[in-house]
file upload.cif (mmCIF, C-alpha atoms and all ligand atoms)
data_my_file
#
loop_
_atom_site.label_atom_id
_atom_site.label_comp_id
_atom_site.auth_asym_id
_atom_site.auth_seq_id
_atom_site.Cartn_x
_atom_site.Cartn_y
_atom_site.Cartn_z
CA MET T 1 -21.21 -16.06 -2.87
CA ILE T 2 -21.27 -19.80 -2.14
CA HIS T 3 -25.05 -20.16 -2.29
CA PRO T 4 -27.94 -17.68 -1.83
CA PHE T 5 -29.57 -19.51 1.10
CA ILE T 6 -26.95 -21.95 2.36
CA SER T 7 -25.00 -18.81 2.96
CA GLY T 8 -21.29 -18.45 3.55
CA ASN T 9 -20.12 -20.16 6.68
CA LYS T 10 -23.29 -22.24 6.96
CA TRP T 11 -22.42 -24.16 3.80
CA ARG T 12 -18.93 -24.80 5.14
CA LYS T 13 -20.34 -25.89 8.50
CA LEU T 14 -22.83 -28.27 6.92
CA LYS T 15 -20.58 -29.80 4.27
CA TYR T 16 -18.96 -32.60 6.31
CA THR T 17 -21.95 -32.84 8.65
CA LEU T 18 -24.22 -33.86 5.78
CA GLU T 19 -21.54 -36.13 4.39
CA ASN T 20 -21.33 -37.82 7.78
CA ALA T 21 -25.12 -38.16 8.00
CA ARG T 22 -25.25 -39.72 4.56
CA ASN T 23 -22.40 -42.14 5.34
CA GLN T 24 -24.31 -43.26 8.43
CA GLY T 25 -27.39 -43.92 6.29
CA LYS T 26 -29.44 -41.10 7.87
CA ASP T 27 -32.06 -39.35 5.76
CA HIS T 28 -33.68 -36.93 8.22
CA LEU T 29 -31.85 -33.92 9.69
CA ILE T 30 -33.04 -32.50 13.00
CA THR T 31 -31.77 -29.14 14.15
CA PHE T 32 -32.37 -26.09 16.35
CA GLY T 33 -32.36 -22.32 16.14
CA GLY T 34 -33.93 -18.98 16.98
CA ALA T 35 -36.73 -17.51 14.86
CA TYR T 36 -34.23 -15.58 12.71
CA SER T 37 -31.64 -18.33 12.51
CA ASN T 38 -29.59 -18.41 9.30
CA HIS T 39 -28.61 -21.93 10.29
CA LEU T 40 -32.24 -23.14 10.13
CA VAL T 41 -32.69 -21.69 6.63
CA ALA T 42 -29.36 -23.11 5.47
CA THR T 43 -30.15 -26.57 6.88
CA ALA T 44 -33.63 -26.55 5.33
CA CYS T 45 -32.24 -25.61 1.92
CA ALA T 46 -29.28 -28.00 2.11
CA ALA T 47 -31.61 -30.82 3.15
CA ALA T 48 -33.85 -30.15 0.15
CA LYS T 49 -30.89 -29.85 -2.22
CA PHE T 50 -29.16 -33.04 -1.07
CA GLY T 51 -32.20 -35.26 -0.54
CA PHE T 52 -32.78 -35.22 3.23
CA ARG T 53 -35.97 -34.55 5.18
CA SER T 54 -35.57 -31.81 7.77
CA THR T 55 -37.15 -30.79 11.05
CA GLY T 56 -36.36 -27.56 12.89
CA PHE T 57 -37.06 -26.76 16.55
CA VAL T 58 -37.55 -23.02 16.92
CA ARG T 59 -36.88 -21.31 20.24
CA GLY T 60 -39.85 -19.40 21.71
CA GLU T 61 -43.45 -18.64 20.82
CA GLN T 62 -44.84 -19.21 17.36
CA VAL T 63 -44.05 -16.36 14.98
CA SER T 64 -43.77 -15.90 11.23
CA ASN T 65 -41.03 -14.05 9.37
CA PRO T 66 -39.14 -14.30 6.05
CA SER T 67 -36.55 -16.74 7.46
CA LEU T 68 -39.15 -19.18 8.75
CA MET T 69 -41.14 -18.81 5.52
CA LEU T 70 -38.05 -19.95 3.60
CA CYS T 71 -37.59 -22.89 6.00
CA LYS T 72 -41.16 -23.98 5.24
CA LEU T 73 -40.70 -23.45 1.50
CA PHE T 74 -37.66 -25.72 1.62
CA GLY T 75 -39.86 -28.36 3.24
CA MET T 76 -38.64 -28.12 6.83
CA GLU T 77 -41.14 -29.16 9.47
CA LEU T 78 -41.11 -26.53 12.23
CA HIS T 79 -41.86 -27.02 15.94
CA PHE T 80 -41.93 -24.06 18.29
CA ILE T 81 -40.75 -24.90 21.81
CA SER T 82 -40.47 -22.83 24.97
CA ARG T 83 -37.14 -21.30 25.87
CA GLU T 84 -37.03 -23.55 28.87
CA ARG T 85 -37.47 -26.74 26.87
CA TYR T 86 -35.07 -25.44 24.24
CA ARG T 87 -32.26 -25.46 26.81
CA GLY T 88 -32.48 -29.25 26.87
CA LYS T 89 -32.06 -29.72 23.14
CA GLN T 90 -30.73 -33.25 23.41
CA GLU T 91 -33.74 -34.31 25.55
CA VAL T 92 -36.13 -32.74 23.05
CA TYR T 93 -34.41 -34.69 20.29
CA ASN T 94 -34.55 -37.91 22.29
CA SER T 95 -38.24 -37.54 23.17
CA PHE T 96 -39.25 -36.93 19.54
CA PHE T 97 -36.77 -39.09 17.66
CA GLY T 98 -34.84 -41.20 20.18
CA LYS T 99 -36.39 -44.44 18.90
CA LEU T 100 -35.76 -43.78 15.23
CA SER T 101 -32.57 -44.85 13.46
CA ASN T 102 -32.77 -42.57 10.39
CA THR T 103 -32.53 -39.19 12.14
CA TYR T 104 -29.39 -37.08 12.59
CA PHE T 105 -28.94 -34.47 15.33
CA ILE T 106 -27.31 -31.19 14.29
CA ASP T 107 -26.63 -28.79 17.15
CA GLU T 108 -27.72 -25.15 17.17
CA GLY T 109 -25.68 -23.11 14.70
CA GLY T 110 -24.30 -26.36 13.27
CA ALA T 111 -21.52 -26.47 15.91
CA SER T 112 -19.46 -29.67 15.55
CA ASN T 113 -16.01 -31.03 14.68
CA GLU T 114 -17.22 -31.47 11.10
CA ALA T 115 -18.16 -27.79 10.97
CA VAL T 116 -14.68 -26.78 12.14
CA GLU T 117 -13.13 -28.94 9.41
CA GLY T 118 -15.33 -27.32 6.77
CA CYS T 119 -14.49 -23.78 7.89
CA ALA T 120 -10.75 -24.50 7.99
CA GLU T 121 -10.87 -24.96 4.20
CA LEU T 122 -11.59 -21.26 3.81
CA VAL T 123 -7.96 -20.46 4.64
CA ARG T 124 -6.61 -23.08 2.25
CA GLU T 125 -8.57 -21.43 -0.57
CA LEU T 126 -7.00 -17.97 -0.10
CA SER T 127 -4.97 -16.92 -3.13
CA GLN T 128 -2.60 -14.68 -1.12
CA PRO T 129 -1.40 -14.43 2.47
CA PHE T 130 -2.99 -11.97 4.92
CA ASP T 131 -1.61 -10.47 8.12
CA HIS T 132 -5.03 -10.23 9.74
CA ILE T 133 -8.36 -12.00 9.22
CA PHE T 134 -11.62 -10.72 10.75
CA CYS T 135 -14.74 -12.79 11.35
CA ALA T 136 -17.99 -12.44 13.30
CA ALA T 137 -18.71 -14.99 16.02
CA GLY T 138 -21.95 -16.44 17.36
CA THR T 139 -21.00 -19.90 18.60
CA GLY T 140 -17.34 -19.42 17.61
CA THR T 141 -17.32 -22.53 15.43
CA THR T 142 -16.46 -20.61 12.29
CA ALA T 143 -13.64 -18.80 14.12
CA ALA T 144 -12.32 -22.13 15.40
CA GLY T 145 -12.28 -23.48 11.85
CA ILE T 146 -10.53 -20.43 10.42
CA LEU T 147 -7.96 -20.63 13.21
CA LYS T 148 -7.37 -24.29 12.46
CA GLY T 149 -6.86 -23.35 8.82
CA ILE T 150 -4.45 -20.58 9.84
CA TYR T 151 -2.24 -22.99 11.82
CA GLU T 152 -2.24 -25.40 8.92
CA PHE T 153 -1.89 -23.12 5.91
CA SER T 154 -0.99 -19.59 7.07
CA PRO T 155 0.67 -19.67 10.51
CA GLY T 156 1.71 -15.99 10.49
CA THR T 157 -1.86 -14.72 10.26
CA ALA T 158 -3.74 -13.26 13.25
CA LEU T 159 -7.47 -13.95 13.61
CA HIS T 160 -9.69 -11.17 14.94
CA MET T 161 -12.96 -12.49 16.28
CA VAL T 162 -15.87 -10.11 16.85
CA PRO T 163 -18.52 -11.66 19.14
CA VAL T 164 -21.98 -10.39 18.18
CA LEU T 165 -23.42 -10.97 21.64
CA LYS T 166 -22.88 -9.25 24.97
CA ASN T 167 -20.15 -10.55 27.32
CA GLY T 168 -18.68 -12.45 24.38
CA ALA T 169 -15.36 -13.26 26.07
CA PHE T 170 -16.63 -16.81 26.75
CA ILE T 171 -16.49 -17.52 23.01
CA LYS T 172 -12.72 -17.79 23.36
CA ASP T 173 -13.32 -20.88 25.51
CA GLU T 174 -15.67 -22.28 22.87
CA VAL T 175 -12.93 -21.83 20.27
CA SER T 176 -10.38 -23.47 22.62
CA ARG T 177 -12.50 -26.62 22.69
CA TYR T 178 -11.46 -27.21 19.10
CA VAL T 179 -8.09 -25.52 18.65
CA ALA T 180 -5.41 -23.58 20.60
CA ALA T 181 -6.30 -19.89 20.75
CA THR T 182 -2.78 -18.45 20.38
CA ASN T 183 -3.28 -16.44 17.17
CA LEU T 184 -6.68 -15.24 18.37
CA HIS T 185 -7.60 -11.63 19.18
CA LEU T 186 -10.98 -10.94 20.72
CA HIS T 187 -12.92 -7.68 20.21
CA THR T 188 -15.84 -7.78 22.63
CA ASP T 189 -16.96 -4.14 22.38
CA TYR T 190 -18.88 -4.37 19.12
CA HIS T 191 -22.08 -6.21 20.12
CA PHE T 192 -24.22 -3.01 19.82
CA GLY T 193 -26.39 -4.01 22.77
CA GLY T 194 -26.38 -7.78 22.35
CA TYR T 195 -27.41 -10.54 19.99
CA ALA T 196 -29.68 -9.26 17.17
CA ARG T 197 -29.63 -5.79 18.79
CA THR T 198 -28.74 -2.84 16.63
CA THR T 199 -28.30 0.93 16.79
CA PRO T 200 -28.82 3.76 14.28
CA GLU T 201 -25.00 4.05 14.13
CA LEU T 202 -24.64 0.45 12.97
CA LEU T 203 -27.45 0.73 10.40
CA ASN T 204 -25.91 3.96 9.17
CA PHE T 205 -22.56 2.20 8.71
CA ILE T 206 -24.25 -0.67 6.82
CA SER T 207 -26.04 1.80 4.51
CA LYS T 208 -22.89 3.76 3.74
CA PHE T 209 -20.91 0.59 3.19
CA ALA T 210 -23.50 -0.74 0.72
CA ALA T 211 -23.75 2.58 -1.14
CA ARG T 212 -19.98 2.83 -1.50
CA THR T 213 -19.03 -0.75 -2.27
CA GLY T 214 -22.08 -2.61 -3.60
CA ILE T 215 -21.61 -5.11 -0.78
CA LEU T 216 -24.46 -5.79 1.65
CA LEU T 217 -23.79 -6.49 5.31
CA ASP T 218 -26.35 -7.59 7.89
CA GLN T 219 -26.91 -5.99 11.29
CA VAL T 220 -26.63 -9.26 13.26
CA TYR T 221 -23.20 -10.50 12.17
CA THR T 222 -21.18 -9.06 9.30
CA GLY T 223 -22.13 -5.41 10.00
CA LYS T 224 -20.70 -5.61 13.52
CA MET T 225 -17.57 -7.37 12.28
CA ALA T 226 -16.92 -4.81 9.51
CA PHE T 227 -17.66 -1.90 11.88
CA ALA T 228 -15.04 -3.26 14.31
CA ALA T 229 -12.45 -3.69 11.56
CA TYR T 230 -12.97 -0.18 10.16
CA GLN T 231 -12.90 1.35 13.64
CA LEU T 232 -9.63 -0.41 14.51
CA ILE T 233 -8.10 0.57 11.17
CA SER T 234 -9.08 4.21 11.78
CA GLU T 235 -7.38 4.00 15.20
CA ASN T 236 -4.18 2.82 13.48
CA ALA T 237 -4.33 -0.52 15.23
CA PHE T 238 -2.48 -2.14 12.31
CA ALA T 239 0.89 -1.39 10.78
CA GLU T 240 0.81 0.52 7.51
CA GLY T 241 0.64 -1.79 4.52
CA SER T 242 -0.90 -4.66 6.51
CA LYS T 243 -3.07 -6.99 4.48
CA ILE T 244 -6.43 -7.41 6.16
CA LEU T 245 -9.17 -9.84 5.12
CA LEU T 246 -12.77 -9.46 6.26
CA VAL T 247 -14.65 -12.74 5.96
CA HIS T 248 -18.22 -12.17 4.78
CA THR T 249 -20.07 -15.03 6.44
CA GLY T 250 -23.32 -14.42 4.51
CA GLY T 251 -26.63 -14.25 6.34
CA LEU T 252 -28.22 -11.28 4.61
CA LEU T 253 -31.81 -12.28 5.39
CA GLY T 254 -31.59 -10.56 8.78
CA LEU T 255 -31.38 -7.21 7.05
CA MET T 256 -34.89 -7.65 5.63
CA SER T 257 -36.38 -7.13 9.09
CA GLN T 258 -34.90 -3.61 9.19
CA ALA T 259 -36.74 -2.17 6.17
CA GLU T 260 -38.33 0.75 8.07
CA LYS T 261 -35.09 1.72 9.79
CA ILE T 262 -32.87 2.10 6.73
CA LEU T 263 -32.63 5.76 5.76
CA PRO T 264 -32.35 7.00 2.16
CA THR T 265 -28.69 7.10 1.22
CA GLU T 266 -28.68 10.81 0.25
CA PHE T 267 -28.78 11.57 3.98
CA LEU T 268 -25.82 9.33 4.60
CA VAL T 269 -23.26 10.28 1.98
CA ASP T 270 -20.87 12.91 3.30
CA PRO T 271 -21.51 16.39 1.83
CA PRO T 272 -19.11 17.39 -0.96
CA ALA T 273 -16.16 19.46 0.24
CA SER T 274 -16.70 23.18 -0.30
CA GLN T 275 -14.59 24.81 -3.00
C1 LIG T 301 -24.21 -18.10 11.88
C2 LIG T 301 -23.48 -16.91 11.43
C3 LIG T 301 -22.28 -16.51 12.04
C4 LIG T 301 -21.74 -17.14 13.30
O1 LIG T 301 -21.06 -18.30 13.10
P1 LIG T 301 -20.53 -19.14 14.34
O2 LIG T 301 -19.82 -20.26 13.72
O3 LIG T 301 -21.75 -19.60 15.10
O4 LIG T 301 -19.69 -18.27 15.18
C5 LIG T 301 -21.60 -15.43 11.49
N1 LIG T 301 -22.09 -14.76 10.43
C6 LIG T 301 -23.25 -15.10 9.84
C7 LIG T 301 -23.72 -14.30 8.70
C8 LIG T 301 -23.98 -16.19 10.31
O5 LIG T 301 -25.14 -16.50 9.72
#

call {"tool": "encode", "arguments": {"input": "upload.cif", "output": "structure tokens"}}
result
Amino acid sequence: MIHPFISGNKWRKLKYTLENARNQGKDHLITFGGAYSNHLVATACAAAKFGFRSTGFVRGEQVSNPSLMLCKLFGMELHFISRERYRGKQEVYNSFFGKLSNTYFIDEGGASNEAVEGCAELVRELSQPFDHIFCAAGTGTTAAGILKGIYEFSPGTALHMVPVLKNGAFIKDEVSRYVAATNLHLHTDYHFGGYARTTPELLNFISKFAARTGILLDQVYTGKMAFAAYQLISENAFAEGSKILLVHTGGLLGLMSQAEKILPTEFLVDPPASQ
């Protein structure tokens, strides 16, 4: 709801980063991401909107898809680099831009202290207290920010983080780099095969959810988070009457790659109960 392309958490993660870049007199943002990265699209759009140039380094072989098309439309210059070179992001940045003084390095996914600050504001904006907050995690920066906001503005709230990649327990350590992880609960069993992997069960859940609520989820992040929350609720993991907030972090572009796999909703709606 914040912005169609600088979606959800990406706006919050970029807010103080761009402010910092501007205060330092930088006018060219350099960042990194996979070929379907919501962060690349968000950075490209934010750069265009707020008067920066932008360059994106894309992991892997050259491809084209709707996300990268949007990056180009928003004026981002794209460079495809091998997975091996991508691992040394800082060296890549230095070899291309190390001698320039007007460029600003933004890490993959926008991870930074500024991003944590921006995400913490989400909790301050809540109009009522919640017992539980759910969010999806890639780098864990958004979760770290929400947790920071919880300690500051809503200390009784528990954060439930759903890593979207396999073996996601390490994300707890990523969160701990920014903030103590005491109110943090980790749900590592909802990756559906790994990052950007999906299953018919997950797509089915996303379809039903959209048909019943008018709210779209994506299969990379918010679908897995919502699936986890609904599953836990159905297992009575929370006391009756608990107030539970699911944070929709945006990122709906990913769903567009699934066009052929989404079934017509008439097959998904439960049959009416017999008389
Ligand atoms: C990037 C992204 C995330 C992950 O955020 P992190 O701060 O990297 O954990 C979650 N949801 C959506 C929709 C995203 O685009």

call {"tool": "closest_residue", "arguments": {"input": "upload.cif", "among": "T:Val123, T:Gly98, T:Glu201, T:Tyr195", "to": "Arg12 (chain T)", "atoms": "all atoms listed in the file"}}
result
T:Val123

call {"tool": "closest_residue", "arguments": {"input": "upload.cif", "among": "T:Leu202, T:Ala42, T:Ala259, T:Ala169", "to": "ligand LIG 301 (chain T)", "atoms": "all atoms listed in the file"}}
result
T:Ala42

call {"tool": "residues_around", "arguments": {"input": "upload.cif", "residues": "Tyr16 (chain T)", "least_positions_apart": "3", "cutoff": "12 Å", "atoms": "only C-alpha atoms", "output": "PDB file with C-alpha atoms, keeping the file's coordinate frame"}}
result
ATOM      1  CA  LYS T  10     -23.290 -22.240   6.960  1.00  0.00           C
ATOM      2  CA  TRP T  11     -22.420 -24.160   3.800  1.00  0.00           C
ATOM      3  CA  ARG T  12     -18.930 -24.800   5.140  1.00  0.00           C
ATOM      4  CA  LYS T  13     -20.340 -25.890   8.500  1.00  0.00           C
ATOM      5  CA  GLU T  19     -21.540 -36.130   4.390  1.00  0.00           C
ATOM      6  CA  ASN T  20     -21.330 -37.820   7.780  1.00  0.00           C
ATOM      7  CA  ALA T  21     -25.120 -38.160   8.000  1.00  0.00           C
ATOM      8  CA  ARG T  22     -25.250 -39.720   4.560  1.00  0.00           C
ATOM      9  CA  ASN T  23     -22.400 -42.140   5.340  1.00  0.00           C
ATOM     10  CA  ILE T 106     -27.310 -31.190  14.290  1.00  0.00           C
ATOM     11  CA  GLY T 110     -24.300 -26.360  13.270  1.00  0.00           C
ATOM     12  CA  ALA T 111     -21.520 -26.470  15.910  1.00  0.00           C
ATOM     13  CA  SER T 112     -19.460 -29.670  15.550  1.00  0.00           C
ATOM     14  CA  ASN T 113     -16.010 -31.030  14.680  1.00  0.00           C
ATOM     15  CA  GLU T 114     -17.220 -31.470  11.100  1.00  0.00           C
ATOM     16  CA  ALA T 115     -18.160 -27.790  10.970  1.00  0.00           C
ATOM     17  CA  VAL T 116     -14.680 -26.780  12.140  1.00  0.00           C
ATOM     18  CA  GLU T 117     -13.130 -28.940   9.410  1.00  0.00           C
ATOM     19  CA  GLY T 118     -15.330 -27.320   6.770  1.00  0.00           C
ATOM     20  CA  CYS T 119     -14.490 -23.780   7.890  1.00  0.00           C
ATOM     21  CA  ALA T 120     -10.750 -24.500   7.990  1.00  0.00           C
ATOM     22  CA  GLU T 121     -10.870 -24.960   4.200  1.00  0.00           C
TER      23      GLU T 121
END

call {"tool": "residues_near_ligand", "arguments": {"input": "upload.cif", "ligand": "ligand LIG 301 (chain T)", "cutoff": "8 Å", "atoms": "only C-alpha atoms and all ligand atoms", "output": "PDB file with C-alpha atoms, keeping the file's coordinate frame"}}
result
ATOM      1  CA  SER T   7     -25.000 -18.810   2.960  1.00  0.00           C
ATOM      2  CA  GLY T   8     -21.290 -18.450   3.550  1.00  0.00           C
ATOM      3  CA  ASN T   9     -20.120 -20.160   6.680  1.00  0.00           C
ATOM      4  CA  LYS T  10     -23.290 -22.240   6.960  1.00  0.00           C
ATOM      5  CA  LYS T  13     -20.340 -25.890   8.500  1.00  0.00           C
ATOM      6  CA  SER T  37     -31.640 -18.330  12.510  1.00  0.00           C
ATOM      7  CA  ASN T  38     -29.590 -18.410   9.300  1.00  0.00           C
ATOM      8  CA  HIS T  39     -28.610 -21.930  10.290  1.00  0.00           C
ATOM      9  CA  GLY T 109     -25.680 -23.110  14.700  1.00  0.00           C
ATOM     10  CA  GLY T 110     -24.300 -26.360  13.270  1.00  0.00           C
ATOM     11  CA  ALA T 111     -21.520 -26.470  15.910  1.00  0.00           C
ATOM     12  CA  CYS T 135     -14.740 -12.790  11.350  1.00  0.00           C
ATOM     13  CA  ALA T 136     -17.990 -12.440  13.300  1.00  0.00           C
ATOM     14  CA  ALA T 137     -18.710 -14.990  16.020  1.00  0.00           C
ATOM     15  CA  GLY T 138     -21.950 -16.440  17.360  1.00  0.00           C
ATOM     16  CA  THR T 139     -21.000 -19.900  18.600  1.00  0.00           C
ATOM     17  CA  GLY T 140     -17.340 -19.420  17.610  1.00  0.00           C
ATOM     18  CA  THR T 141     -17.320 -22.530  15.430  1.00  0.00           C
ATOM     19  CA  THR T 142     -16.460 -20.610  12.290  1.00  0.00           C
ATOM     20  CA  ALA T 143     -13.640 -18.800  14.120  1.00  0.00           C
ATOM     21  CA  ALA T 144     -12.320 -22.130  15.400  1.00  0.00           C
ATOM     22  CA  PRO T 163     -18.520 -11.660  19.140  1.00  0.00           C
ATOM     23  CA  ASP T 218     -26.350  -7.590   7.890  1.00  0.00           C
ATOM     24  CA  VAL T 220     -26.630  -9.260  13.260  1.00  0.00           C
ATOM     25  CA  TYR T 221     -23.200 -10.500  12.170  1.00  0.00           C
ATOM     26  CA  THR T 222     -21.180  -9.060   9.300  1.00  0.00           C
ATOM     27  CA  HIS T 248     -18.220 -12.170   4.780  1.00  0.00           C
ATOM     28  CA  THR T 249     -20.070 -15.030   6.440  1.00  0.00           C
ATOM     29  CA  GLY T 250     -23.320 -14.420   4.510  1.00  0.00           C
ATOM     30  CA  GLY T 251     -26.630 -14.250   6.340  1.00  0.00           C
ATOM     31  CA  LEU T 252     -28.220 -11.280   4.610  1.00  0.00           C
TER      32      LEU T 252
END

call {"tool": "atom_distance", "arguments": {"input": "upload.cif", "atom1": "CA of Ile133 (chain T)", "atom2": "CA of Pro4 (chain T)"}}
result
23.2 Å

call {"tool": "residues_near_point", "arguments": {"input": "upload.cif", "point": "(-3.6, -14.9, 1.1)", "cutoff": "12 Å", "atoms": "only C-alpha atoms", "output": "PyMOL selection string"}}
result
chain T and resi 122-133+149-150+153-157+242-246

call {"tool": "residues_near_point", "arguments": {"input": "upload.cif", "point": "(-35.3, -30.9, 1.8)", "cutoff": "10 Å", "atoms": "all atoms listed in the file", "output": "list in words"}}
result
Asp27, His28, Leu29, Thr43, Ala44, Cys45, Ala46, Ala47, Ala48, Lys49, Phe50, Gly51, Phe52, Arg53, Ser54, Thr55, Cys71, Lys72, Leu73, Phe74, Gly75, Met76 and Glu77 of chain T

call {"tool": "closest_residue", "arguments": {"input": "upload.cif", "among": "T:Leu70, T:Leu100, T:Ile146, T:Val58", "to": "Arg87 (chain T)", "atoms": "all atoms listed in the file"}}
result
T:Val58

call {"tool": "closest_residue", "arguments": {"input": "upload.cif", "among": "T:Lys15, T:Lys26, T:Lys99, T:His187", "to": "Leu165 (chain T)", "atoms": "all atoms listed in the file"}}
result
T:His187

call {"tool": "closest_residue", "arguments": {"input": "upload.cif", "among": "T:Ala211, T:Leu186, T:Leu40, T:Ala181", "to": "Gly168 (chain T)", "atoms": "all atoms listed in the file"}}
result
T:Leu186

call {"tool": "atom_distance", "arguments": {"input": "upload.cif", "atom1": "CA of Glu61 (chain T)", "atom2": "CA of Gly33 (chain T)"}}
result
12.6 Å

call {"tool": "atom_distance", "arguments": {"input": "upload.cif", "atom1": "CA of Lys89 (chain T)", "atom2": "CA of Gly56 (chain T)"}}
result
11.3 Å

call {"tool": "residues_around", "arguments": {"input": "upload.cif", "residues": "region 81-85 of chain T", "least_positions_apart": "6", "cutoff": "10 Å", "atoms": "only C-alpha atoms", "output": "compact mmCIF listing (two decimals) with C-alpha atoms, keeping the file's coordinate frame"}}
result
# COMPACT_ATOMS: atom_id res chain seq x y z
CA GLY T 34 -33.93 -18.98 16.98
CA PHE T 57 -37.06 -26.76 16.55
CA VAL T 58 -37.55 -23.02 16.92
CA ARG T 59 -36.88 -21.31 20.24
CA GLY T 60 -39.85 -19.40 21.71
CA GLU T 61 -43.45 -18.64 20.82
CA GLN T 62 -44.84 -19.21 17.36
CA GLU T 91 -33.74 -34.31 25.55
CA VAL T 92 -36.13 -32.74 23.05

call {"tool": "closest_residue", "arguments": {"input": "upload.cif", "among": "T:Gln258, T:Thr31, T:Thr188, T:Asn65", "to": "Thr103 (chain T)", "atoms": "only C-alpha atoms"}}
result
T:Thr31
